[in-house]
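*Asks:* Below is the file entry-v1.cif, with mmCIF, C-alpha atoms.
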data_structure
loop_
_atom_site.label_atom_id
_atom_site.label_comp_id
_atom_site.auth_asym_id
_atom_site.auth_seq_id
_atom_site.Cartn_x
_atom_site.Cartn_y
_atom_site.Cartn_z
CA MET A 1 48.01 59.41 -71.98
CA ILE A 2 48.05 56.44 -69.62
CA MET A 3 47.48 53.16 -71.41
CA THR A 4 47.11 49.80 -69.72
CA ALA A 5 45.90 46.43 -70.88
CA ARG A 6 42.17 46.02 -70.47
CA VAL A 7 39.65 43.31 -71.12
CA CYS A 8 37.28 44.20 -73.94
CA PRO A 9 34.19 45.83 -72.37
CA TYR A 10 31.80 44.80 -75.10
CA PRO A 11 29.10 42.36 -73.98
CA HIS A 12 28.74 39.14 -75.94
CA GLY A 13 26.76 39.62 -79.12
CA HIS A 14 27.31 43.39 -79.46
CA LYS A 15 29.17 44.83 -82.39
CA ARG A 16 31.98 47.27 -81.86
CA LEU A 17 31.37 50.86 -82.86
CA SER A 18 34.00 50.56 -85.57
CA GLU A 19 31.65 48.17 -87.35
CA ARG A 20 28.90 50.79 -87.29
CA ILE A 21 30.82 53.92 -88.36
CA HIS A 22 30.91 53.98 -92.14
CA HIS A 23 32.38 57.41 -92.98
CA PRO A 24 35.13 58.39 -90.52
CA TYR A 25 36.34 61.35 -92.65
CA ALA A 26 37.81 63.15 -89.63
CA LEU A 27 40.19 60.35 -88.66
CA ALA A 28 43.71 60.01 -89.97
CA LEU A 29 43.81 56.33 -88.95
CA PRO A 30 41.23 53.71 -89.85
CA VAL A 31 38.44 53.67 -87.33
CA GLU A 32 39.18 50.00 -86.53
CA LEU A 33 42.62 51.02 -85.21
CA TRP A 34 41.13 53.78 -83.08
CA ASP A 35 38.77 51.20 -81.71
CA GLU A 36 41.69 49.03 -80.58
CA ILE A 37 43.73 51.97 -79.25
CA LEU A 38 40.98 53.47 -77.13
CA LEU A 39 40.26 50.14 -75.46
CA TYR A 40 43.66 50.42 -73.75
CA ILE A 41 42.99 53.82 -72.17
CA ASP A 42 42.24 53.11 -68.55
CA ASP A 43 41.51 56.62 -67.33
CA TYR A 44 37.80 57.49 -67.45
CA ASP A 45 38.34 61.27 -67.72
CA GLN A 46 40.89 60.91 -70.54
CA LEU A 47 38.40 58.90 -72.55
CA ALA A 48 35.81 61.62 -71.99
CA ASN A 49 38.32 64.17 -73.37
CA VAL A 50 38.96 62.01 -76.44
CA ALA A 51 35.25 62.18 -77.16
CA LEU A 52 35.61 65.93 -77.76
CA VAL A 53 38.03 65.52 -80.68
CA CYS A 54 35.54 64.70 -83.43
CA ARG A 55 32.22 63.04 -84.09
CA SER A 56 33.70 59.67 -85.06
CA LEU A 57 35.87 59.40 -81.95
CA ASN A 58 32.92 60.57 -79.89
CA LYS A 59 30.88 57.60 -81.08
CA ILE A 60 33.64 55.12 -80.25
CA THR A 61 34.47 56.52 -76.80
CA THR A 62 30.82 56.93 -75.90
CA TRP A 63 30.23 53.26 -76.67
CA ILE A 64 33.23 52.20 -74.57
CA LEU A 65 32.23 54.40 -71.63
CA SER A 66 28.68 53.11 -71.75
CA HIS A 67 30.04 49.65 -70.84
CA ARG A 68 32.63 50.75 -68.29
CA ARG A 69 32.00 51.37 -64.60
CA ARG A 70 33.29 54.44 -62.80
CA GLN A 71 34.91 53.44 -59.49
CA CYS A 72 34.97 55.46 -56.27
CA VAL A 73 36.78 53.36 -53.67
CA ASP A 74 38.73 55.90 -51.58
CA VAL A 75 38.92 59.56 -50.63
CA ASP A 76 41.03 60.63 -53.62
CA SER A 77 38.86 58.88 -56.21
CA VAL A 78 35.74 60.56 -54.78
CA ALA A 79 37.45 63.97 -54.90
CA SER A 80 38.60 63.56 -58.52
CA PHE A 81 35.20 62.23 -59.54
CA HIS A 82 33.48 65.24 -57.95
CA GLU A 83 35.81 67.65 -59.73
CA ALA A 84 35.26 66.00 -63.11
CA VAL A 85 31.45 65.83 -63.08
CA THR A 86 30.75 69.17 -61.38
CA SER A 87 33.12 71.15 -63.62
CA SER A 88 31.89 69.67 -66.89
CA ARG A 89 28.29 68.82 -67.74
CA ARG A 90 29.57 66.74 -70.62
CA SER A 91 31.74 64.61 -68.31
CA ALA A 92 28.75 64.07 -66.04
CA SER A 93 26.62 62.96 -68.99
CA MET A 94 29.17 60.27 -69.86
CA VAL A 95 28.86 58.40 -66.55
CA TRP A 96 26.45 55.49 -67.10
CA HIS A 97 27.60 53.10 -64.37
CA LEU A 98 28.94 54.10 -60.94
CA ASP A 99 30.33 51.94 -58.11
CA VAL A 100 30.84 53.62 -54.74
CA ARG A 101 32.53 51.27 -52.26
CA LEU A 102 33.86 53.07 -49.18
CA ARG A 103 35.03 51.14 -46.14
CA HIS A 104 36.43 53.91 -43.94
CA GLY A 105 35.00 56.42 -41.50
CA PRO A 106 33.78 59.95 -42.24
CA ASP A 107 36.13 62.15 -44.26
CA GLU A 108 35.36 65.70 -45.31
CA LYS A 109 36.39 65.09 -48.93
CA VAL A 110 33.84 62.30 -49.14
CA THR A 111 30.95 63.75 -47.13
CA ARG A 112 31.24 67.13 -48.87
CA ASN A 113 31.71 65.89 -52.44
CA LEU A 114 29.76 62.67 -52.88
CA ALA A 115 26.19 64.03 -52.76
CA PRO A 116 26.74 66.98 -55.18
CA ALA A 117 28.54 64.69 -57.62
CA LEU A 118 25.72 62.14 -57.60
CA CYS A 119 23.11 64.83 -58.34
CA THR A 120 24.81 65.72 -61.64
CA LEU A 121 24.47 62.25 -63.20
CA ARG A 122 21.40 62.61 -65.38
CA ASN A 123 22.34 59.63 -67.59
CA LEU A 124 23.30 57.22 -64.80
CA ARG A 125 21.93 53.74 -65.54
CA SER A 126 23.29 51.67 -62.62
CA LEU A 127 24.45 52.61 -59.14
CA GLU A 128 26.19 50.47 -56.53
CA LEU A 129 26.34 52.23 -53.16
CA ILE A 130 28.31 50.38 -50.47
CA LEU A 131 29.16 52.36 -47.31
CA THR A 132 30.22 50.10 -44.47
CA ASP A 133 30.84 52.69 -41.73
CA ARG A 134 27.67 53.74 -39.89
CA ARG A 135 29.03 57.22 -39.10
CA LEU A 136 29.89 57.82 -42.75
CA VAL A 137 26.35 56.80 -43.75
CA GLN A 138 24.79 59.21 -41.26
CA VAL A 139 26.90 62.20 -42.35
CA CYS A 140 26.38 61.50 -46.06
CA GLU A 141 22.61 61.23 -45.60
CA GLN A 142 22.60 64.50 -43.65
CA ASN A 143 24.45 66.13 -46.57
CA GLY A 144 21.79 64.99 -49.05
CA LEU A 145 23.27 61.84 -50.52
CA LEU A 146 19.82 60.27 -50.96
CA ASP A 147 18.21 63.47 -52.28
CA ALA A 148 19.56 62.79 -55.79
CA ARG A 149 17.01 62.28 -58.55
CA LEU A 150 18.38 60.10 -61.34
CA PRO A 151 15.87 59.97 -64.21
CA ALA A 152 17.69 57.22 -66.16
CA LEU A 153 18.47 54.89 -63.23
CA LYS A 154 17.65 51.24 -63.93
CA THR A 155 19.78 49.23 -61.49
CA PHE A 156 20.36 50.10 -57.84
CA TYR A 157 22.31 47.98 -55.36
CA THR A 158 22.96 49.19 -51.82
CA SER A 159 24.01 48.03 -48.38
CA LEU A 160 22.63 51.14 -46.68
CA PRO A 161 20.37 50.51 -43.69
CA LEU A 162 16.70 50.62 -44.56
CA GLY A 163 15.10 53.80 -43.33
CA PRO A 164 12.84 56.67 -44.47
CA ALA A 165 15.62 58.37 -46.49
CA LEU A 166 16.46 55.24 -48.48
CA LEU A 167 12.80 54.41 -49.08
CA SER A 168 12.20 57.97 -50.26
CA PHE A 169 15.15 57.70 -52.69
CA ILE A 170 13.85 54.40 -54.08
CA GLY A 171 10.31 55.73 -54.43
CA ALA A 172 11.43 58.95 -56.14
CA ASN A 173 13.55 57.07 -58.69
CA ASN A 174 10.72 54.92 -59.94
CA THR A 175 12.45 54.02 -63.22
CA ILE A 176 14.39 51.28 -61.35
CA THR A 177 13.95 47.84 -62.88
CA ASP A 178 16.55 45.92 -60.79
CA LEU A 179 16.65 46.70 -57.07
CA SER A 180 18.83 45.15 -54.35
CA VAL A 181 18.52 46.22 -50.73
CA VAL A 182 20.87 43.97 -48.80
CA GLY A 183 21.39 45.95 -45.59
CA THR A 184 20.52 44.15 -42.37
CA GLU A 185 19.72 47.23 -40.27
CA PHE A 186 16.26 48.75 -40.11
CA ALA A 187 14.96 52.06 -38.80
CA PRO A 188 11.28 52.95 -38.26
CA CYS A 189 9.88 53.66 -41.74
CA GLY A 190 6.20 54.36 -41.11
CA ASP A 191 3.29 52.86 -43.01
CA LYS A 192 3.81 54.54 -46.39
CA LYS A 193 4.06 52.15 -49.34
CA HIS A 194 6.08 53.06 -52.41
CA VAL A 195 5.13 52.27 -55.99
CA LEU A 196 7.82 51.09 -58.42
CA PRO A 197 5.94 50.47 -61.68
CA SER A 198 9.05 49.41 -63.63
CA LEU A 199 10.50 47.01 -61.05
CA GLN A 200 11.19 43.58 -62.56
CA THR A 201 13.85 42.05 -60.29
CA LEU A 202 14.17 42.47 -56.53
CA LYS A 203 16.66 41.20 -53.95
CA CYS A 204 15.79 41.90 -50.31
CA GLY A 205 14.71 40.44 -47.02
CA ALA A 206 11.07 39.41 -46.86
CA SER A 207 10.26 42.24 -44.43
CA PHE A 208 11.21 44.85 -47.06
CA LEU A 209 8.20 43.84 -49.17
CA SER A 210 5.86 45.42 -46.63
CA TYR A 211 7.00 48.87 -47.83
CA LEU A 212 6.27 48.27 -51.52
CA MET A 213 3.08 48.24 -53.52
CA PRO A 214 3.08 45.18 -55.77
CA SER A 215 4.10 45.85 -59.36
CA LEU A 216 2.81 43.66 -62.16
CA ALA A 217 6.25 43.88 -63.80
CA LEU A 218 7.96 42.17 -60.84
CA THR A 219 8.59 38.54 -61.84
CA SER A 220 11.95 37.68 -60.22
CA LEU A 221 12.53 37.72 -56.46
CA TYR A 222 15.65 36.86 -54.45
CA LEU A 223 14.98 36.60 -50.72
CA ILE A 224 18.02 37.03 -48.51
CA SER A 225 16.05 35.66 -45.59
CA CYS A 226 12.57 34.21 -45.30
CA THR A 227 10.73 32.08 -42.76
CA THR A 228 7.70 30.02 -43.66
CA SER A 229 5.36 32.62 -42.15
CA GLN A 230 6.99 35.34 -44.25
CA LEU A 231 6.68 33.10 -47.30
CA GLU A 232 2.92 33.15 -46.82
CA SER A 233 2.99 36.95 -47.02
CA VAL A 234 5.11 36.77 -50.18
CA ALA A 235 2.61 34.38 -51.73
CA ARG A 236 -0.32 36.66 -50.95
CA LEU A 237 1.49 39.69 -52.35
CA LEU A 238 3.28 38.29 -55.41
CA GLY A 239 2.24 34.65 -55.79
CA PRO A 240 0.13 34.99 -58.97
CA GLN A 241 2.86 36.77 -60.93
CA LEU A 242 6.30 35.47 -59.89
CA LEU A 243 8.24 33.38 -62.41
CA ARG A 244 11.52 32.98 -60.50
CA LEU A 245 12.22 32.70 -56.79
CA HIS A 246 15.65 32.41 -55.14
CA PHE A 247 16.26 31.70 -51.47
CA GLY A 248 19.50 32.91 -49.93
CA VAL A 249 21.37 30.94 -47.31
CA ALA A 250 20.69 33.39 -44.49
CA GLY A 251 17.41 32.83 -42.72
CA LEU A 252 16.39 29.52 -44.29
CA SER A 253 16.73 27.75 -40.96
CA SER A 254 15.24 30.61 -38.94
CA GLN A 255 11.79 29.08 -38.64
CA GLY A 256 9.47 30.10 -35.85
CA PRO A 257 8.44 27.55 -33.22
CA ASP A 258 4.97 27.19 -34.75
CA ASP A 259 6.04 27.34 -38.41
CA GLU A 260 5.33 24.33 -40.59
CA LEU A 261 7.42 23.71 -43.68
CA TRP A 262 5.68 24.21 -46.99
CA THR A 263 5.13 21.20 -49.23
CA THR A 264 5.46 21.04 -52.99
CA GLN A 265 1.70 21.09 -53.21
CA ASP A 266 1.50 24.28 -51.13
CA PHE A 267 4.12 25.95 -53.29
CA LEU A 268 2.70 25.02 -56.69
CA THR A 269 -0.77 26.13 -55.61
CA SER A 270 0.41 29.50 -54.27
CA PHE A 271 2.77 30.25 -57.18
CA PRO A 272 0.93 29.01 -60.30
CA LEU A 273 3.30 30.59 -62.85
CA MET A 274 6.59 29.71 -61.16
CA GLU A 275 9.24 28.40 -63.55
CA TYR A 276 12.44 28.41 -61.48
CA LEU A 277 12.98 27.80 -57.76
CA GLN A 278 16.44 27.90 -56.18
CA PHE A 279 17.70 26.98 -52.72
CA SER A 280 21.14 27.54 -51.21
CA PHE A 281 22.23 25.20 -48.42
CA MET A 282 25.10 25.56 -45.99
CA MET A 283 24.70 21.96 -44.79
CA PRO A 284 24.35 18.90 -47.06
CA HIS A 285 20.76 18.05 -46.19
CA MET A 286 17.32 19.33 -47.09
CA GLY A 287 16.09 20.16 -43.59
CA THR A 288 17.12 23.82 -43.72
CA ALA A 289 14.71 25.08 -46.37
CA ALA A 290 11.36 26.80 -45.86
CA ILE A 291 9.88 24.38 -48.40
CA ASP A 292 10.25 20.60 -48.11
CA LEU A 293 9.82 19.24 -51.63
CA ARG A 294 10.11 15.64 -50.43
CA VAL A 295 6.67 15.55 -48.79
CA ARG A 296 4.18 13.59 -50.85
CA GLY A 297 0.76 15.00 -51.60
CA ARG A 298 -2.01 15.28 -54.09
CA PRO A 299 -1.05 17.20 -57.27
CA PRO A 300 -2.56 20.67 -56.84
CA ILE A 301 -3.94 21.40 -60.31
CA ARG A 302 -3.89 20.13 -63.85
CA MET A 303 -0.95 21.23 -65.96
CA CYS A 304 -3.14 23.12 -68.48
CA GLY A 305 -0.14 24.41 -70.39
CA ARG A 306 1.79 25.18 -67.21
CA LYS A 307 5.56 25.12 -67.68
CA PRO A 308 7.29 22.43 -65.55
CA LEU A 309 9.17 23.79 -62.55
CA THR A 310 12.97 23.75 -62.54
CA VAL A 311 14.43 23.31 -59.06
CA ALA A 312 18.06 24.21 -58.30
CA TRP A 313 19.86 23.03 -55.18
CA MET A 314 22.98 25.10 -54.70
CA PHE A 315 25.71 24.30 -52.20
CA PRO A 316 28.37 27.03 -51.95
CA GLY A 317 31.47 25.30 -50.64
CA ASP A 318 34.64 23.55 -51.71
CA ARG A 319 34.61 20.75 -54.26
CA GLN A 320 34.80 17.94 -51.70
CA SER A 321 31.85 19.33 -49.75
CA ARG A 322 29.81 19.72 -52.92
CA CYS A 323 30.45 16.09 -53.88
CA LEU A 324 29.28 14.98 -50.43
CA PHE A 325 26.22 17.17 -50.74
CA ARG A 326 25.35 15.75 -54.16
CA ALA A 327 25.68 12.17 -52.98
CA GLN A 328 23.39 12.74 -50.00
CA ILE A 329 20.61 14.48 -51.87
CA ASP A 330 20.35 12.06 -54.81
CA THR A 331 17.75 10.15 -52.82
CA ASP A 332 15.76 13.34 -52.31
CA ALA A 333 15.99 14.19 -56.00
CA LEU A 334 14.72 10.73 -56.95
CA LEU A 335 11.75 11.11 -54.61
CA VAL A 336 10.83 14.57 -55.89
CA LEU A 337 11.14 13.68 -59.58
CA ARG A 338 9.20 10.43 -59.29
CA HIS A 339 6.33 11.84 -57.27
CA TRP A 340 5.96 15.34 -58.70
CA ALA A 341 6.47 14.80 -62.43
CA PRO A 342 5.41 16.51 -64.64
CA TYR A 343 5.03 19.49 -62.27
CA VAL A 344 8.75 19.36 -61.47
CA GLY A 345 10.57 18.95 -64.77
CA GLN A 346 14.23 18.89 -63.69
CA ILE A 347 16.56 19.40 -60.77
CA LEU A 348 19.89 21.20 -61.01
CA TYR A 349 22.91 20.87 -58.72
CA GLY A 350 25.52 23.58 -58.51
CA ASP A 351 27.94 25.63 -56.50
CA GLY A 352 27.24 29.12 -55.25
CA ARG A 353 27.64 30.73 -58.66
CA LYS A 354 26.12 28.53 -61.37
CA PRO A 355 24.38 25.18 -61.97
CA LEU A 356 26.76 22.37 -62.87
CA LEU A 357 24.63 19.25 -63.30
CA THR A 358 21.10 18.50 -64.39
CA VAL A 359 19.42 15.53 -62.70
CA SER A 360 16.81 13.35 -64.40
CA LEU A 361 15.28 9.90 -64.02
CA ASN A 362 16.56 6.88 -65.91
CA PRO A 363 14.02 5.13 -68.18
CA GLY A 364 12.98 2.73 -65.41
CA GLU A 365 12.60 5.63 -62.92
CA MET A 366 14.64 3.65 -60.39
CA LYS A 367 17.58 6.05 -60.07
CA VAL A 368 18.72 9.52 -61.08
CA VAL A 369 21.09 10.23 -63.93
CA HIS A 370 23.54 13.15 -63.81
CA SER A 371 24.31 15.13 -66.96
CA ARG A 372 26.83 17.94 -66.94
CA LEU A 373 25.40 21.15 -68.32
CA ALA A 374 26.93 22.14 -71.62
CA ALA A 375 27.35 25.77 -70.64
CA GLY A 376 26.42 26.72 -67.10
CA THR A 377 26.39 30.51 -66.97
CA ALA A 378 26.43 33.04 -64.19
CA ASP A 379 23.15 34.55 -63.14
CA THR A 380 21.93 37.01 -65.77
CA ILE A 381 19.50 38.65 -63.38
CA PHE A 382 21.87 39.44 -60.51
CA GLN A 383 25.11 39.19 -62.45
CA ASP A 384 28.18 40.92 -60.91
CA LEU A 385 26.30 41.51 -57.68
CA PHE A 386 25.34 38.29 -56.00
CA PRO A 387 26.77 34.76 -55.90
CA ILE A 388 23.61 33.05 -57.12
CA SER A 389 22.45 31.31 -60.23
CA SER A 390 19.62 31.75 -62.64
CA GLY A 391 19.60 28.26 -64.10
CA PRO A 392 19.91 27.39 -67.76
#
Would you put the structure from the file into structure tokens?

*Replies:*
Amino acid sequence: MIMTARVCPYPHGHKRLSERIHHPYALALPVELWDEILLYIDDYDQLANVALVCRSLNKITTWILSHRRRQCVDVDSVASFHEAVTSSRRSASMVWHLDVRLRHGPDEKVTRNLAPALCTLRNLRSLELILTDRRLVQVCEQNGLLDARLPALKTFYTSLPLGPALLSFIGANNTITDLSVVGTEFAPCGDKKHVLPSLQTLKCGASFLSYLMPSLALTSLYLISCTTSQLESVARLLGPQLLRLHFGVAGLSSQGPDDELWTTQDFLTSFPLMEYLQFSFMMPHMGTAAIDLRVRGRPPIRMCGRKPLTVAWMFPGDRQSRCLFRAQIDTDALLVLRHWAPYVGQILYGDGRKPLLTVSLNPGEMKVVHSRLAAGTADTIFQDLFPISSGP
């Protein structure tokens, strides 16, 4: 049995299974020791075999596997994964999280095995599908890779080019709550719109929204690219329901010749429930965003119990660049906070991963005051997938 040091897979706040098993009569060792021992087993299939020993060990290993991701990163790992899940229904049922990251061309072991293996995963909760070679994508799709129906799927992240096959896969697996379509290639997809009633969080380019029917559950949107004209379409489609909106770096400066930047008044009027708005800038100035918060205007509506907007300005770069960025935008922050209070409650500065500082006005409202956040955390919406931040 191969044993290597591993980081504890339990998420913060969850109890270990050893704390929940009260009568481990079948174990010769205390269940707490088994808990520690099994954490060091690195091999996914060996853990699945341990689960067959007895009911108590089954509970412990099942809990560990439910927080561990199966990795397929090369030809051999795909072949062994296919053998394990197609030869044993029990092994297939123990795969909750799967990462497929293949960066090579077509190989028969991959194209022949990947699709049948994926179709066996009836308990799969999250799927990351990254295929960087266009030929490999074409052959896998021809072999039925996107024909899989995964009734328990909640999170899906893919770099596959958007086309009819991918849209059909997304529409058929309508249990998805977190969806990320980050591919930059598009194929003709027709006019059909797909309904995802459970979708809560979406990362995509603005053009992808034209293929979806709006879901009332969708409250968090991360736009990889968006011009001001596309932002108008987003507002018409999702404006009344969105609570969080993130803008990626790509596309923020890709304004059309006739596009006018949105003002704070435009934004607050079109997104009445918005609580968190985040920008990412490659250059230390505000002129690259689709929305210019510095423009003065008449407050759009009364507060009427509306939650103040939190604005995050993120600058992914080295420490020196971030310091320069922060110094240059303090003037902008002062202008926004003075003119748009109480609609804008606070401004956050940060790097590409998390907010670092909160910015507020001093009592005389003559300058901004920086306060380091006590515990800036990684984004809980897009965690482990995207270098963005969700705020406090």

*Asks:* If I take atom CA of Arg306 of chain A and atom CA of Leu268 of chain A, how far is one from the other in Å, to one decimal?

*Replies:*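 Rounded to one decimal, the two atoms are 10.6 Å apart.
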
*Asks:* Check which residues satisfy the PyMOL selection byres ((chain A and resi 71-87) around 12) in the file shown, then give them as a PyMOL selection string.

*Replies:* chain A and resi 42-46+48-49+68-70+88-124+127-132

*Asks:* Counting only C-alpha atoms, select every polymer residue within 12 Å of (8.8, 48.3, -49.7) as defined in the file's coordinates, and provide the selection as a ChimeraX atom specification.

*Replies:* /A:162-164,166-171,179-181,189-196,199,202-215,237

*Asks:* What would the file look like if the residues just selected were written as a compact mmCIF listing (two decimals), in the coordinates of the input with C-alpha atoms?

*Replies:*
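Contents of the output file selection.txt:
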# COMPACT_ATOMS: atom_id res chain seq x y z
CA LEU A 162 16.70 50.62 -44.56
CA GLY A 163 15.10 53.80 -43.33
CA PRO A 164 12.84 56.67 -44.47
CA LEU A 166 16.46 55.24 -48.48
CA LEU A 167 12.80 54.41 -49.08
CA SER A 168 12.20 57.97 -50.26
CA PHE A 169 15.15 57.70 -52.69
CA ILE A 170 13.85 54.40 -54.08
CA GLY A 171 10.31 55.73 -54.43
CA LEU A 179 16.65 46.70 -57.07
CA SER A 180 18.83 45.15 -54.35
CA VAL A 181 18.52 46.22 -50.73
CA CYS A 189 9.88 53.66 -41.74
CA GLY A 190 6.20 54.36 -41.11
CA ASP A 191 3.29 52.86 -43.01
CA LYS A 192 3.81 54.54 -46.39
CA LYS A 193 4.06 52.15 -49.34
CA HIS A 194 6.08 53.06 -52.41
CA VAL A 195 5.13 52.27 -55.99
CA LEU A 196 7.82 51.09 -58.42
CA LEU A 199 10.50 47.01 -61.05
CA LEU A 202 14.17 42.47 -56.53
CA LYS A 203 16.66 41.20 -53.95
CA CYS A 204 15.79 41.90 -50.31
CA GLY A 205 14.71 40.44 -47.02
CA ALA A 206 11.07 39.41 -46.86
CA SER A 207 10.26 42.24 -44.43
CA PHE A 208 11.21 44.85 -47.06
CA LEU A 209 8.20 43.84 -49.17
CA SER A 210 5.86 45.42 -46.63
CA TYR A 211 7.00 48.87 -47.83
CA LEU A 212 6.27 48.27 -51.52
CA MET A 213 3.08 48.24 -53.52
CA PRO A 214 3.08 45.18 -55.77
CA SER A 215 4.10 45.85 -59.36
CA LEU A 237 1.49 39.69 -52.35

*Asks:* Tell me which protein, DNA and RNA residues are within 7 Å of Asp292 of chain A, counting only C-alpha atoms, leaving out same-chain ones fewer than 2 positions away, and put them as a PyMOL selection string.

*Replies:* chain A and resi 261-264+289-290+294-295

*Asks:* Just the selected residues (C-alpha atoms), exported as a JSON list (two decimals), keeping the file's coordinate frame, please.

*Replies:*
[["chain", "number", "residue", "atom", "x", "y", "z"],
["A", 261, "LEU", "CA", 7.42, 23.71, -43.68],
["A", 262, "TRP", "CA", 5.68, 24.21, -46.99],
["A", 263, "THR", "CA", 5.13, 21.20, -49.23],
["A", 264, "THR", "CA", 5.46, 21.04, -52.99],
["A", 289, "ALA", "CA", 14.71, 25.08, -46.37],
["A", 290, "ALA", "CA", 11.36, 26.80, -45.86],
["A", 294, "ARG", "CA", 10.11, 15.64, -50.43],
["A", 295, "VAL", "CA", 6.67, 15.55, -48.79]]

*Asks:* Which residues would end up in the selection if the PyMOL selection byres ((chain A and resi 347) around 7) were applied here, given that I need the answer as a VMD selection string?

*Replies:* chain A and resid 310 to 312 346 348 to 349 358 to 359

*Asks:* Deliver the residues from the most recent selection as a file, using C-alpha atoms, as an mmCIF file, keeping the file's coordinate frame.

*Replies:*
data_model
loop_
_atom_site.group_PDB
_atom_site.id
_atom_site.type_symbol
_atom_site.label_atom_id
_atom_site.label_comp_id
_atom_site.auth_asym_id
_atom_site.auth_seq_id
_atom_site.Cartn_x
_atom_site.Cartn_y
_atom_site.Cartn_z
ATOM 1 C CA THR A 310 12.970 23.750 -62.540
ATOM 2 C CA VAL A 311 14.430 23.310 -59.060
ATOM 3 C CA ALA A 312 18.060 24.210 -58.300
ATOM 4 C CA GLN A 346 14.230 18.890 -63.690
ATOM 5 C CA LEU A 348 19.890 21.200 -61.010
ATOM 6 C CA TYR A 349 22.910 20.870 -58.720
ATOM 7 C CA THR A 358 21.100 18.500 -64.390
ATOM 8 C CA VAL A 359 19.420 15.530 -62.700
#

*Asks:* Selected by the PyMOL selection byres ((chain A and resi 372) around 7) in the shown coordinates: which residues, as a PyMOL selection string?

*Replies:* chain A and resi 356-358+370-371+373-374

*Asks:* Please report the interatomic distance between atom CA of Leu145 of chain A and atom CA of Leu223 of chain A in Å with one decimal.

*Replies:*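 Taking atom CA of Leu145 of chain A as the start and atom CA of Leu223 of chain A as the end point, the length is 26.6 Å.
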
*Asks:* In Å, rounded to a single decimal, give me how far atom CA of Gly239 of chain A is from atom CA of Ser126 of chain A.

*Replies:*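 Answer for the atom CA of Ser126 of chain A to atom CA of Gly239 of chain A separation: 27.9 Å.
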
*Asks:* Using all atoms of segment 150-161 of chain A that appear in the file, construct an axis-aligned enclosing box with 3 Å of padding on every side and provide its centre coordinates and edge lengths in Å, rounded to one decimal, as JSON.

*Replies:*
{"center_x": 19.9, "center_y": 54.0, "center_z": -54.9, "size_x": 14.1, "size_y": 18.1, "size_z": 28.5}

*Asks:* Have a look at A:Glu232, A:Glu275, A:Asp332, A:Glu141 and name the one nearest to Leu293 of chain A; count all atoms listed in the file.

*Replies:*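 Of all the options, A:Asp332 lies closest to Leu293 of chain A.
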
*Asks:* Have a look at A:Leu216, A:Cys140, A:Val344, A:Leu309 and name the one nearest to Leu245 of chain A; count all atoms listed in the file.

*Replies:* A:Leu309

*Asks:* With distances taken over all atoms listed in the file, which of A:Leu273, A:Leu242, A:Ile60, A:Leu39 is nearest to Leu218 of chain A?

*Replies:*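 Distance minimum relative to Leu218 of chain A lands on A:Leu242.
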
*Asks:* Select, counting all atoms listed in the file, all protein, DNA and RNA residues no farther than 10 Å from (4.7, 15.7, -68.2) in file coordinates, and express the selection as a PyMOL selection string.

*Replies:* chain A and resi 303+306-308+340-345

*Asks:* So, with all atoms listed in the file as the atoms that count, which of A:Phe247, A:Asp147, A:Leu335, A:Phe271 lies closest to Arg296 of chain A?

*Replies:*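 Smallest separation from Arg296 of chain A among the options: A:Leu335.
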
*Asks:* Would you please work out which residue, of A:Lys354, A:Lys367, A:Lys59, A:Arg135, is nearest to Asp35 of chain A when using all atoms listed in the file?

*Replies:* A:Lys59
